[in-house]
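The next block is start.txt, given as compact mmCIF, C-alpha atoms and all ligand atoms.
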# COMPACT_ATOMS: atom_id res chain seq x y z
CA MET A 1 -4.97 -20.82 21.07
CA ARG A 2 -6.78 -17.61 22.02
CA ILE A 3 -5.91 -14.41 20.12
CA LEU A 4 -7.43 -11.11 21.23
CA SER A 5 -7.61 -8.26 18.69
CA VAL A 6 -7.98 -4.66 19.85
CA VAL A 7 -9.38 -2.12 17.39
CA GLY A 8 -10.96 1.29 17.81
CA ALA A 9 -10.59 3.54 14.79
CA ARG A 10 -11.80 3.31 11.20
CA PRO A 11 -8.60 2.04 9.49
CA GLN A 12 -8.33 -0.70 12.08
CA PHE A 13 -11.74 -2.14 11.21
CA VAL A 14 -10.56 -2.50 7.60
CA LYS A 15 -7.39 -4.32 8.75
CA LEU A 16 -9.36 -6.54 11.12
CA ALA A 17 -11.65 -7.85 8.34
CA PRO A 18 -9.16 -10.18 6.58
CA ILE A 19 -7.55 -11.17 9.90
CA ALA A 20 -10.91 -12.25 11.38
CA LYS A 21 -11.55 -14.34 8.27
CA ALA A 22 -8.09 -15.93 8.31
CA MET A 23 -8.50 -16.82 12.02
CA GLU A 24 -11.64 -18.89 11.34
CA GLY A 25 -11.03 -22.53 12.27
CA ARG A 26 -7.42 -21.82 13.25
CA ALA A 27 -7.63 -19.97 16.56
CA GLU A 28 -10.18 -18.67 19.02
CA HIS A 29 -10.54 -14.98 18.21
CA ILE A 30 -11.83 -12.37 20.65
CA ILE A 31 -12.52 -8.85 19.34
CA VAL A 32 -12.36 -5.76 21.55
CA HIS A 33 -13.55 -2.36 20.26
CA THR A 34 -12.29 0.53 22.38
CA GLY A 35 -15.01 2.84 21.07
CA GLN A 36 -12.50 5.50 19.87
CA HIS A 37 -14.63 5.84 16.74
CA TYR A 38 -18.33 5.45 17.43
CA ASP A 39 -20.38 7.11 14.67
CA GLU A 40 -22.38 4.71 12.51
CA LEU A 41 -20.41 5.84 9.43
CA MET A 42 -17.04 5.66 11.20
CA SER A 43 -17.58 2.26 12.80
CA ASP A 44 -20.70 0.10 12.43
CA VAL A 45 -20.87 0.11 8.62
CA PHE A 46 -17.39 -1.41 8.44
CA PHE A 47 -18.36 -4.38 10.60
CA LYS A 48 -21.52 -4.86 8.54
CA ASP A 49 -20.08 -4.44 5.02
CA LEU A 50 -16.84 -6.33 5.64
CA GLY A 51 -18.53 -9.24 7.45
CA ILE A 52 -16.59 -8.74 10.70
CA PRO A 53 -18.07 -10.54 13.72
CA ALA A 54 -19.54 -8.15 16.32
CA PRO A 55 -17.01 -7.21 19.01
CA ASP A 56 -17.05 -9.36 22.14
CA TYR A 57 -16.34 -6.24 24.21
CA ASN A 58 -16.94 -2.55 23.49
CA LEU A 59 -15.38 -0.13 25.94
CA GLY A 60 -17.29 2.89 24.59
CA VAL A 61 -14.39 5.21 25.37
CA GLY A 62 -15.28 7.84 22.74
CA SER A 63 -13.45 11.11 21.99
CA GLY A 64 -11.25 13.14 24.28
CA LYS A 65 -7.80 14.61 24.73
CA HIS A 66 -4.94 12.16 24.09
CA GLY A 67 -4.27 11.42 27.76
CA GLU A 68 -7.90 11.19 28.73
CA GLN A 69 -8.78 8.91 25.78
CA THR A 70 -5.70 6.67 26.07
CA GLY A 71 -6.00 6.47 29.86
CA ALA A 72 -9.61 5.36 29.74
CA MET A 73 -8.64 2.66 27.25
CA LEU A 74 -5.76 1.45 29.42
CA ALA A 75 -8.01 0.97 32.42
CA GLY A 76 -10.76 -0.73 30.43
CA LEU A 77 -8.43 -3.01 28.47
CA GLU A 78 -6.56 -4.26 31.53
CA GLN A 79 -9.85 -5.48 32.97
CA VAL A 80 -10.85 -7.17 29.69
CA PHE A 81 -7.45 -8.88 29.32
CA GLU A 82 -7.63 -10.21 32.88
CA GLU A 83 -11.06 -11.63 32.19
CA ALA A 84 -10.43 -13.01 28.67
CA LYS A 85 -6.92 -14.38 29.40
CA PRO A 86 -5.65 -14.35 25.79
CA ASP A 87 -2.41 -16.07 24.73
CA VAL A 88 -1.52 -12.98 22.70
CA VAL A 89 -2.96 -9.51 22.12
CA LEU A 90 -2.91 -8.36 18.49
CA VAL A 91 -2.78 -4.59 17.94
CA TYR A 92 -3.20 -2.76 14.65
CA GLY A 93 -1.58 0.33 13.12
CA ASP A 94 -0.80 3.51 15.00
CA THR A 95 -3.77 4.96 16.86
CA ASN A 96 -4.26 5.69 20.55
CA SER A 97 -6.14 2.35 20.72
CA THR A 98 -2.97 0.58 19.49
CA LEU A 99 -0.72 2.11 22.11
CA ALA A 100 -3.19 1.63 24.97
CA ALA A 101 -3.62 -2.07 24.15
CA ALA A 102 0.13 -2.68 23.89
CA VAL A 103 0.86 -0.98 27.21
CA ALA A 104 -2.06 -2.63 29.02
CA ALA A 105 -0.97 -6.10 27.83
CA VAL A 106 2.77 -5.97 28.52
CA LYS A 107 2.22 -4.66 32.05
CA ILE A 108 0.33 -7.84 32.93
CA HIS A 109 2.74 -10.11 31.00
CA ILE A 110 0.54 -10.91 28.03
CA PRO A 111 2.55 -11.11 24.77
CA VAL A 112 1.79 -8.46 22.15
CA ALA A 113 1.92 -8.72 18.37
CA HIS A 114 1.88 -5.51 16.31
CA LEU A 115 0.38 -5.60 12.85
CA GLU A 116 1.72 -2.87 10.53
CA ALA A 117 4.98 -2.66 12.47
CA GLY A 118 8.02 -0.71 11.30
CA LEU A 119 6.31 2.23 9.61
CA ARG A 120 7.97 5.56 10.29
CA SER A 121 7.33 9.13 9.19
CA PHE A 122 10.19 10.45 11.39
CA ASN A 123 7.84 13.36 12.14
CA ARG A 124 7.60 13.71 15.90
CA ARG A 125 4.68 16.15 15.65
CA MET A 126 2.42 13.27 14.66
CA PRO A 127 0.73 11.45 17.56
CA GLU A 128 0.74 8.35 15.33
CA GLU A 129 4.57 8.36 15.12
CA HIS A 130 4.88 8.06 18.91
CA ASN A 131 2.19 5.39 18.94
CA ARG A 132 4.14 3.36 16.34
CA VAL A 133 7.57 3.64 17.93
CA LEU A 134 6.34 2.91 21.46
CA THR A 135 4.16 0.00 20.32
CA ASP A 136 6.95 -1.57 18.25
CA HIS A 137 9.38 -1.46 21.15
CA ALA A 138 6.82 -2.90 23.58
CA SER A 139 5.78 -5.75 21.27
CA ASP A 140 7.02 -9.34 21.18
CA LEU A 141 6.21 -9.97 17.53
CA LEU A 142 6.46 -7.30 14.83
CA LEU A 143 4.48 -7.98 11.67
CA SER A 144 5.72 -5.65 8.96
CA PRO A 145 3.82 -4.81 5.78
CA THR A 146 6.88 -3.80 3.71
CA GLU A 147 10.64 -4.30 3.22
CA VAL A 148 11.14 -0.66 4.21
CA GLY A 149 9.32 -1.38 7.49
CA MET A 150 11.66 -4.36 8.10
CA GLU A 151 14.67 -2.08 7.56
CA HIS A 152 13.39 0.47 10.09
CA LEU A 153 12.86 -2.29 12.66
CA ALA A 154 16.37 -3.65 12.05
CA ASN A 155 17.83 -0.15 12.47
CA GLU A 156 16.14 0.06 15.86
CA GLY A 157 17.54 -3.31 16.98
CA LEU A 158 14.25 -5.15 16.55
CA ALA A 159 15.12 -7.48 13.63
CA GLU A 160 14.91 -10.67 15.69
CA ARG A 161 11.29 -10.05 16.61
CA SER A 162 10.24 -9.00 13.08
CA VAL A 163 8.46 -10.93 10.34
CA MET A 164 7.52 -9.60 6.93
CA VAL A 165 3.92 -10.59 6.21
CA GLY A 166 2.76 -8.05 3.59
CA ASP A 167 -0.06 -5.56 3.91
CA VAL A 168 -3.49 -6.78 5.00
CA MET A 169 -5.08 -3.69 3.42
CA THR A 170 -4.13 -5.18 0.06
CA ASP A 171 -6.08 -8.33 1.00
CA VAL A 172 -9.27 -6.36 1.72
CA LEU A 173 -8.94 -4.07 -1.26
CA TYR A 174 -8.50 -6.96 -3.70
CA SER A 175 -11.46 -8.89 -2.35
CA VAL A 176 -13.76 -5.84 -2.30
CA ARG A 177 -12.67 -4.85 -5.81
CA GLU A 178 -13.61 -8.33 -7.02
CA GLN A 179 -17.09 -8.03 -5.51
CA LEU A 180 -17.51 -4.59 -7.12
CA THR A 181 -16.84 -5.87 -10.62
CA GLU A 182 -19.76 -8.26 -10.16
CA GLN A 183 -22.12 -5.51 -9.08
CA GLU A 184 -21.91 -1.96 -10.45
CA GLN A 185 -22.18 0.75 -7.79
CA PRO A 186 -23.54 4.27 -8.31
CA LEU A 187 -21.13 7.16 -7.71
CA PRO A 188 -21.96 9.57 -4.88
CA ALA A 189 -23.41 13.03 -5.53
CA GLY A 190 -24.16 12.24 -9.18
CA LEU A 191 -20.47 12.49 -10.19
CA GLU A 192 -19.25 11.36 -13.59
CA ALA A 193 -16.69 8.53 -13.81
CA GLY A 194 -13.17 9.82 -14.54
CA ASN A 195 -14.14 13.44 -13.99
CA TYR A 196 -13.71 14.12 -10.27
CA TYR A 197 -11.16 13.85 -7.47
CA VAL A 198 -11.63 12.06 -4.13
CA CYS A 199 -10.42 14.01 -1.12
CA THR A 200 -10.03 13.42 2.64
CA ILE A 201 -8.36 15.72 5.20
CA HIS A 202 -8.29 14.92 8.91
CA ARG A 203 -4.79 15.19 10.38
CA PRO A 204 -4.41 17.68 13.25
CA ASP A 205 -1.57 19.52 11.44
CA ASN A 206 -3.98 20.25 8.55
CA THR A 207 -7.23 20.85 10.42
CA ASP A 208 -6.50 22.45 13.77
CA ALA A 209 -5.09 25.87 12.78
CA PRO A 210 -7.71 28.00 11.00
CA GLU A 211 -5.23 29.62 8.54
CA ARG A 212 -3.88 26.23 7.49
CA LEU A 213 -7.31 24.69 7.00
CA ARG A 214 -8.55 27.75 5.11
CA ALA A 215 -5.51 27.63 2.78
CA ILE A 216 -6.13 23.93 2.05
CA VAL A 217 -9.84 24.47 1.36
CA ASP A 218 -9.00 27.42 -0.93
CA SER A 219 -6.53 25.29 -2.94
CA LEU A 220 -9.06 22.47 -3.30
CA ALA A 221 -11.81 24.90 -4.36
CA ILE A 222 -9.87 25.96 -7.49
CA LEU A 223 -9.12 22.47 -8.86
CA ASN A 224 -10.22 21.81 -12.44
CA LYS A 225 -12.70 19.01 -11.62
CA PRO A 226 -15.26 18.48 -8.85
CA VAL A 227 -13.59 17.45 -5.56
CA LEU A 228 -15.57 14.85 -3.61
CA LEU A 229 -14.63 15.81 -0.06
CA LEU A 230 -15.44 12.92 2.31
CA ALA A 231 -15.57 14.89 5.52
CA HIS A 232 -14.23 13.18 8.67
CA PRO A 233 -16.08 14.35 11.84
CA ARG A 234 -12.88 16.09 13.00
CA LEU A 235 -12.80 18.17 9.78
CA LYS A 236 -16.49 19.07 9.96
CA ALA A 237 -16.28 20.13 13.60
CA LEU A 238 -13.17 22.28 13.10
CA ALA A 239 -14.43 23.92 9.88
CA LYS A 240 -17.56 24.91 11.78
CA THR A 241 -15.57 26.29 14.71
CA HIS A 242 -13.32 28.30 12.38
CA GLY A 243 -16.25 29.51 10.23
CA ILE A 244 -14.87 27.86 7.07
CA ASP A 245 -17.30 26.81 4.33
CA LEU A 246 -16.18 23.39 3.12
CA ALA A 247 -18.52 23.32 0.12
CA SER A 248 -16.84 26.16 -1.79
CA GLY A 249 -15.80 26.27 -5.48
CA SER A 250 -15.10 22.81 -6.92
CA ILE A 251 -15.67 21.07 -3.57
CA VAL A 252 -18.63 18.72 -3.24
CA GLN A 253 -18.98 17.89 0.45
CA ASN A 254 -20.12 14.38 1.36
CA GLU A 255 -20.38 12.13 4.41
CA PRO A 256 -17.59 9.54 4.85
CA LEU A 257 -18.24 6.48 2.65
CA ALA A 258 -18.56 2.84 3.60
CA TYR A 259 -15.55 0.82 2.44
CA PRO A 260 -16.96 -0.73 -0.78
CA GLN A 261 -18.32 2.67 -1.86
CA LEU A 262 -14.99 4.29 -1.10
CA VAL A 263 -13.12 1.76 -3.23
CA ASN A 264 -15.62 2.31 -6.03
CA ALA A 265 -15.34 6.10 -5.77
CA VAL A 266 -11.51 6.00 -5.86
CA ALA A 267 -11.36 3.44 -8.68
CA ASN A 268 -13.55 5.68 -10.88
CA SER A 269 -11.85 8.96 -9.97
CA ALA A 270 -9.25 11.03 -11.82
CA GLY A 271 -7.13 11.30 -8.68
CA VAL A 272 -6.96 11.35 -4.90
CA VAL A 273 -5.98 14.25 -2.63
CA THR A 274 -5.49 13.21 0.98
CA ASP A 275 -3.56 13.22 4.23
CA SER A 276 -4.67 9.68 5.14
CA GLY A 277 -2.17 6.84 5.11
CA GLY A 278 -4.57 4.16 3.92
CA LEU A 279 -5.95 6.18 1.05
CA GLN A 280 -2.48 6.81 -0.43
CA LYS A 281 -2.00 3.08 -0.72
CA GLU A 282 -5.50 2.35 -1.93
CA ALA A 283 -5.01 4.91 -4.71
CA PHE A 284 -1.73 3.23 -5.67
CA LEU A 285 -3.23 -0.28 -5.66
CA LEU A 286 -6.07 0.97 -7.89
CA ARG A 287 -3.50 2.87 -10.01
CA VAL A 288 -5.09 6.26 -9.41
CA PRO A 289 -2.64 9.22 -9.05
CA CYS A 290 -2.44 10.54 -5.49
CA THR A 291 -1.39 13.91 -4.06
CA THR A 292 -0.68 13.90 -0.34
CA ILE A 293 -0.95 17.06 1.76
CA ARG A 294 1.84 16.23 4.22
CA PRO A 295 5.57 16.90 4.49
CA GLU A 296 6.38 13.18 4.36
CA THR A 297 4.78 9.75 4.05
CA GLU A 298 5.29 6.34 5.62
CA TRP A 299 4.31 4.76 2.29
CA VAL A 300 7.46 5.89 0.47
CA GLU A 301 7.03 3.25 -2.25
CA THR A 302 4.04 5.16 -3.68
CA VAL A 303 6.24 8.26 -4.10
CA ASN A 304 9.28 6.37 -5.42
CA LEU A 305 7.15 4.66 -8.05
CA GLY A 306 5.79 8.05 -9.20
CA TRP A 307 2.14 7.54 -8.14
CA ASN A 308 2.15 9.88 -5.14
CA VAL A 309 3.33 13.50 -4.91
CA LEU A 310 3.77 15.29 -1.58
CA VAL A 311 2.69 18.93 -1.23
CA ASN A 312 2.85 20.65 2.13
CA ASP A 313 3.85 24.28 2.73
CA ASP A 314 3.58 25.53 -0.83
CA LEU A 315 -0.10 24.92 -1.52
CA GLY A 316 0.30 26.83 -4.81
CA LYS A 317 1.77 23.53 -6.03
CA LEU A 318 -1.37 21.57 -5.19
CA ALA A 319 -3.29 22.21 -8.43
CA PRO A 320 -0.34 21.41 -10.76
CA ALA A 321 0.31 18.22 -8.75
CA VAL A 322 -3.30 17.03 -8.72
CA GLU A 323 -3.80 17.90 -12.39
CA ARG A 324 -0.53 16.24 -13.53
CA PRO A 325 -0.55 13.63 -16.32
CA THR A 326 -1.03 9.95 -15.41
CA PRO A 327 2.24 8.49 -14.03
CA GLN A 328 4.18 5.75 -15.78
CA ALA A 329 2.56 2.30 -15.51
CA THR A 330 4.12 -0.12 -13.01
CA ASP A 331 3.53 -3.73 -12.01
CA ALA A 332 5.45 -3.38 -8.74
CA THR A 333 3.83 -5.01 -5.68
CA PRO A 334 5.45 -3.38 -2.62
CA TYR A 335 2.32 -4.08 -0.54
CA GLY A 336 2.14 -7.83 -1.03
CA ASP A 337 -0.02 -10.25 -2.95
CA GLY A 338 -3.31 -10.14 -1.03
CA HIS A 339 -2.46 -13.02 1.34
CA ALA A 340 -0.96 -11.08 4.23
CA ALA A 341 -3.69 -12.08 6.70
CA GLN A 342 -2.95 -15.78 6.17
CA ARG A 343 0.75 -15.18 6.80
CA THR A 344 -0.10 -13.13 9.89
CA VAL A 345 -2.12 -15.93 11.45
CA GLU A 346 0.66 -18.42 10.65
CA ALA A 347 3.24 -16.16 12.28
CA LEU A 348 1.02 -15.82 15.38
CA LEU A 349 0.53 -19.59 15.65
CA ALA A 350 4.25 -20.23 15.19
CA ALA A 351 5.23 -17.68 17.85
CA PHE A 352 2.53 -18.19 20.49
CA GLY A 353 0.70 -21.46 19.66
CA LYS A 354 0.73 -24.15 22.28
C1 LIG A 401 -7.62 8.63 14.61
C2 LIG A 401 -6.17 8.21 14.68
C3 LIG A 401 -5.49 8.35 13.32
C4 LIG A 401 -6.31 7.70 12.21
C5 LIG A 401 -7.74 8.21 12.26
C6 LIG A 401 -8.63 7.58 11.21
C7 LIG A 401 -5.09 8.63 16.86
C8 LIG A 401 -4.14 9.49 17.59
N1 LIG A 401 -5.39 9.02 15.62
O1 LIG A 401 -7.64 10.04 14.38
O2 LIG A 401 -4.22 7.75 13.37
O3 LIG A 401 -5.74 8.02 10.95
O4 LIG A 401 -8.28 7.95 13.56
O5 LIG A 401 -9.87 8.20 11.13
O6 LIG A 401 -5.52 7.63 17.38
N2 LIG A 401 -15.17 11.87 16.00
C9 LIG A 401 -16.54 11.75 15.84
N3 LIG A 401 -17.06 10.52 15.61
C10 LIG A 401 -16.28 9.41 15.55
C11 LIG A 401 -14.89 9.55 15.72
C12 LIG A 401 -14.36 10.78 15.95
O7 LIG A 401 -17.28 12.71 15.87
O8 LIG A 401 -16.82 8.31 15.33
C13 LIG A 401 -14.58 13.22 16.21
C14 LIG A 401 -14.53 13.69 17.62
O9 LIG A 401 -14.91 15.02 17.64
C15 LIG A 401 -13.05 13.59 17.99
C16 LIG A 401 -12.36 13.75 16.66
O10 LIG A 401 -13.27 13.25 15.70
O11 LIG A 401 -12.66 14.54 18.90
C17 LIG A 401 -11.07 13.03 16.59
O12 LIG A 401 -11.22 11.64 16.85
P1 LIG A 401 -9.99 10.78 17.45
O13 LIG A 401 -10.41 9.39 17.64
O14 LIG A 401 -9.40 11.46 18.61
O15 LIG A 401 -8.88 10.82 16.36
P2 LIG A 401 -8.94 10.90 14.77
O16 LIG A 401 -8.65 12.30 14.40
O17 LIG A 401 -10.16 10.26 14.19

Translate this structure into structure tokens?
Amino acid sequence: MRILSVVGARPQFVKLAPIAKAMEGRAEHIIVHTGQHYDELMSDVFFKDLGIPAPDYNLGVGSGKHGEQTGAMLAGLEQVFEEAKPDVVLVYGDTNSTLAAAVAAVKIHIPVAHLEAGLRSFNRRMPEEHNRVLTDHASDLLLSPTEVGMEHLANEGLAERSVMVGDVMTDVLYSVREQLTEQEQPLPAGLEAGNYYVCTIHRPDNTDAPERLRAIVDSLAILNKPVLLLAHPRLKALAKTHGIDLASGSIVQNEPLAYPQLVNAVANSAGVVTDSGGLQKEAFLLRVPCTTIRPETEWVETVNLGWNVLVNDDLGKLAPAVERPTPQATDATPYGDGHAAQRTVEALLAAFGK
């Protein structure tokens, strides 16, 4: 059986790693990189560090407006699918690469499986929310990471196509954490273990308006410990355009980290401040308190279990949230047991194997 994975943005490379491993010896696996993320630090290091085979195709689409970027992917992917003739196209998460691959495949009658199906923020301002909903409804097999995801799919009439597999990001995190314990890693920027926060900000609602971005930077600058700000290219570009100095007060600006270094930095931190989906979960799995600068989250379990606090309009609440005492210990495992990739491959073989 031939399975074709389409990835393009940083979080998708992380999800691809355990899937590529689990496919070995079980199915022919073709990897297509749309080129949505292209910087060495946003793309290549993930393939290298996580042992992912080099992509069979790279469309080199790059950045652009939503329509321009997604359209270029659609055209390129259709050609690749016609040439590679996969039995199923596997799409990951909620980016423009996900939506483009799902649409390109269904139009030429190739079945689509969506990994990380069923997540909802119910916030229609987020491009990712449209990507999720449209991809779920176009897909033939919906692979959900959580029970909450399964409920959302059932509410939308998609229960029959849905399978709960767990979260593949748990698989990667556990295996990388194991490697880290064998080999101690230095912390970036000479930071001291337990005495700094890890921060990422990249969502359009937080970065695009200068007043909003300035207010966020000002609230980070007054935190009581150094804030390791891992600056996404989008953040750097917009801060420059708006004339905002990212390295002010407590903020220590740094390049994005490779995955093992990121896990190490979070595991040794006093807390995480972010608007990223993946990082909220990684903080929870490493039992590091998280504060999320968004009005809502798809990863509601992290909030319900007390390890994630949302702060949005009232940024005066950011410092008290970040500096709060450690939450109550929990042994809950809402994101699976670290074997989601295995279950994903089994579900794919059962649904599309010949
Ligand atoms: C995308 C995803 C988002 C995901 C995020 C992870 C969509 C709609 N959004 O957002 O869901 O959480 O990736 O990072 O697909 N850029 C570079 N170098 C790169 C990549 C991007 O400089 O390697 C810059 C470009 O200026 C570009 C901007 O970042 O315009 C935004 O990149 P884009 O791929 O459009 O979306 P992200 O904001 O990264």

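Using only C-alpha atoms and all ligand atoms for every distance, the candidate list A:Gly336, A:Gly149, A:Gly118, A:Gly35 yields A:Gly35 as the residue closest to ligand LIG 401 (chain A).
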
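One finds atom CA of Pro295 of chain A at 19.4 Å from atom CA of Glu282 of chain A.
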
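Across the model, the gap from atom P1 of ligand LIG 401 (chain A) to atom CA of Leu59 of chain A is 14.8 Å.
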
Between A:Glu184, A:Glu28, A:Asp94, A:Asp275, which is the closest to Thr297 of chain A once you count only C-alpha atoms?
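Nearest to Thr297 of chain A: A:Asp275.
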
Separation of atom CA of Ala104 of chain A from atom CA of Trp299 of chain A in Å
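Separating atom CA of Trp299 of chain A from atom CA of Ala104 of chain A is a distance of 28.5 Å.
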
Counting only C-alpha atoms and all ligand atoms, what are the residues of chain A within 6 Å of ligand LIG 401 (chain A), and for each of them which pair of atoms is the nearest and at what distance in Å, to one decimal? Sort the table by chain and rising number, as a Markdown table.
| residue | atom | partner | partner_atom | distance |
| --- | --- | --- | --- | --- |
| A:Ala9 | CA | A:LIG401 | O4 | 5.1 |
| A:Arg10 | CA | A:LIG401 | O5 | 5.3 |
| A:Pro11 | CA | A:LIG401 | C6 | 5.8 |
| A:Gln36 | CA | A:LIG401 | O13 | 4.9 |
| A:His37 | CA | A:LIG401 | O8 | 3.6 |
| A:Tyr38 | CA | A:LIG401 | O8 | 3.9 |
| A:Asp39 | CA | A:LIG401 | O8 | 3.8 |
| A:Met42 | CA | A:LIG401 | O8 | 4.9 |
| A:Ser63 | CA | A:LIG401 | O11 | 4.7 |
| A:Gly64 | CA | A:LIG401 | O11 | 5.7 |
| A:Asp94 | CA | A:LIG401 | O2 | 5.7 |
| A:Thr95 | CA | A:LIG401 | O6 | 3.2 |
| A:Asn96 | CA | A:LIG401 | O6 | 3.9 |
| A:Pro127 | CA | A:LIG401 | C8 | 5.2 |
| A:Glu128 | CA | A:LIG401 | O2 | 5.4 |
| A:Pro233 | CA | A:LIG401 | O7 | 4.5 |
| A:Arg234 | CA | A:LIG401 | O10 | 3.9 |

Which residue of A:Val345, A:Val198, A:Ala340, A:Glu83 approaches Gly25 of chain A most closely, using only C-alpha atoms:
A:Val345

Contacts of Glu129 of chain A within 12 Å, all atoms listed in the file, excl. fewer than 4 positions in-chain, as a ChimeraX atom specification
/A:93-96,98-99,117-125,133-136,296-298

Among listed residues A:Leu213, A:Leu180, A:Val163, A:Val32, nearest Gly76 of chain A (using all atoms listed in the file)
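For Gly76 of chain A, the nearest of the candidates is A:Val32.
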
When you write segment 254-269 of chain A out from the block above, keep N, CA, C and O atoms and present the result as an mmCIF file, in the first residue's frame, please.
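Result file is out.cif:
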data_model
loop_
_atom_site.group_PDB
_atom_site.id
_atom_site.type_symbol
_atom_site.label_atom_id
_atom_site.label_comp_id
_atom_site.auth_asym_id
_atom_site.auth_seq_id
_atom_site.Cartn_x
_atom_site.Cartn_y
_atom_site.Cartn_z
ATOM 1 N N ASN A 254 15.812 35.158 21.080
ATOM 2 C CA ASN A 254 16.614 34.044 20.553
ATOM 3 C C ASN A 254 16.006 33.554 19.245
ATOM 4 O O ASN A 254 14.807 33.740 19.011
ATOM 5 N N GLU A 255 16.806 32.874 18.440
ATOM 6 C CA GLU A 255 16.287 32.226 17.226
ATOM 7 C C GLU A 255 15.371 31.070 17.654
ATOM 8 O O GLU A 255 15.499 30.558 18.767
ATOM 9 N N PRO A 256 14.481 30.611 16.758
ATOM 10 C CA PRO A 256 13.703 29.401 17.078
ATOM 11 C C PRO A 256 14.670 28.245 17.372
ATOM 12 O O PRO A 256 15.769 28.206 16.821
ATOM 13 N N LEU A 257 14.258 27.317 18.233
ATOM 14 C CA LEU A 257 15.144 26.200 18.589
ATOM 15 C C LEU A 257 14.774 24.949 17.803
ATOM 16 O O LEU A 257 13.615 24.746 17.447
ATOM 17 N N ALA A 258 15.764 24.096 17.600
ATOM 18 C CA ALA A 258 15.514 22.761 17.059
ATOM 19 C C ALA A 258 14.702 21.993 18.103
ATOM 20 O O ALA A 258 14.695 22.367 19.279
ATOM 21 N N TYR A 259 14.020 20.927 17.680
ATOM 22 C CA TYR A 259 13.070 20.275 18.591
ATOM 23 C C TYR A 259 13.693 19.747 19.894
ATOM 24 O O TYR A 259 13.183 20.053 20.978
ATOM 25 N N PRO A 260 14.806 19.011 19.843
ATOM 26 C CA PRO A 260 15.364 18.517 21.114
ATOM 27 C C PRO A 260 15.762 19.655 22.058
ATOM 28 O O PRO A 260 15.560 19.571 23.270
ATOM 29 N N GLN A 261 16.289 20.749 21.505
ATOM 30 C CA GLN A 261 16.670 21.897 22.328
ATOM 31 C C GLN A 261 15.438 22.587 22.897
ATOM 32 O O GLN A 261 15.458 23.084 24.022
ATOM 33 N N LEU A 262 14.372 22.602 22.133
ATOM 34 C CA LEU A 262 13.125 23.196 22.630
ATOM 35 C C LEU A 262 12.594 22.395 23.821
ATOM 36 O O LEU A 262 12.238 22.953 24.862
ATOM 37 N N VAL A 263 12.563 21.078 23.664
ATOM 38 C CA VAL A 263 12.066 20.223 24.743
ATOM 39 C C VAL A 263 12.927 20.422 25.991
ATOM 40 O O VAL A 263 12.417 20.566 27.111
ATOM 41 N N ASN A 264 14.224 20.492 25.796
ATOM 42 C CA ASN A 264 15.141 20.708 26.917
ATOM 43 C C ASN A 264 14.889 22.067 27.580
ATOM 44 O O ASN A 264 14.834 22.179 28.804
ATOM 45 N N ALA A 265 14.704 23.097 26.759
ATOM 46 C CA ALA A 265 14.482 24.444 27.303
ATOM 47 C C ALA A 265 13.172 24.501 28.089
ATOM 48 O O ALA A 265 13.110 25.094 29.166
ATOM 49 N N VAL A 266 12.119 23.864 27.571
ATOM 50 C CA VAL A 266 10.827 23.881 28.279
ATOM 51 C C VAL A 266 10.927 23.072 29.569
ATOM 52 O O VAL A 266 10.491 23.520 30.629
ATOM 53 N N ALA A 267 11.527 21.878 29.471
ATOM 54 C CA ALA A 267 11.603 21.002 30.645
ATOM 55 C C ALA A 267 12.330 21.672 31.807
ATOM 56 O O ALA A 267 11.998 21.446 32.970
ATOM 57 N N ASN A 268 13.287 22.539 31.505
ATOM 58 C CA ASN A 268 14.074 23.195 32.565
ATOM 59 C C ASN A 268 13.547 24.571 32.941
ATOM 60 O O ASN A 268 14.156 25.267 33.755
ATOM 61 N N SER A 269 12.429 24.981 32.346
ATOM 62 C CA SER A 269 11.936 26.341 32.585
ATOM 63 C C SER A 269 10.993 26.396 33.776
ATOM 64 O O SER A 269 10.512 25.376 34.265
#
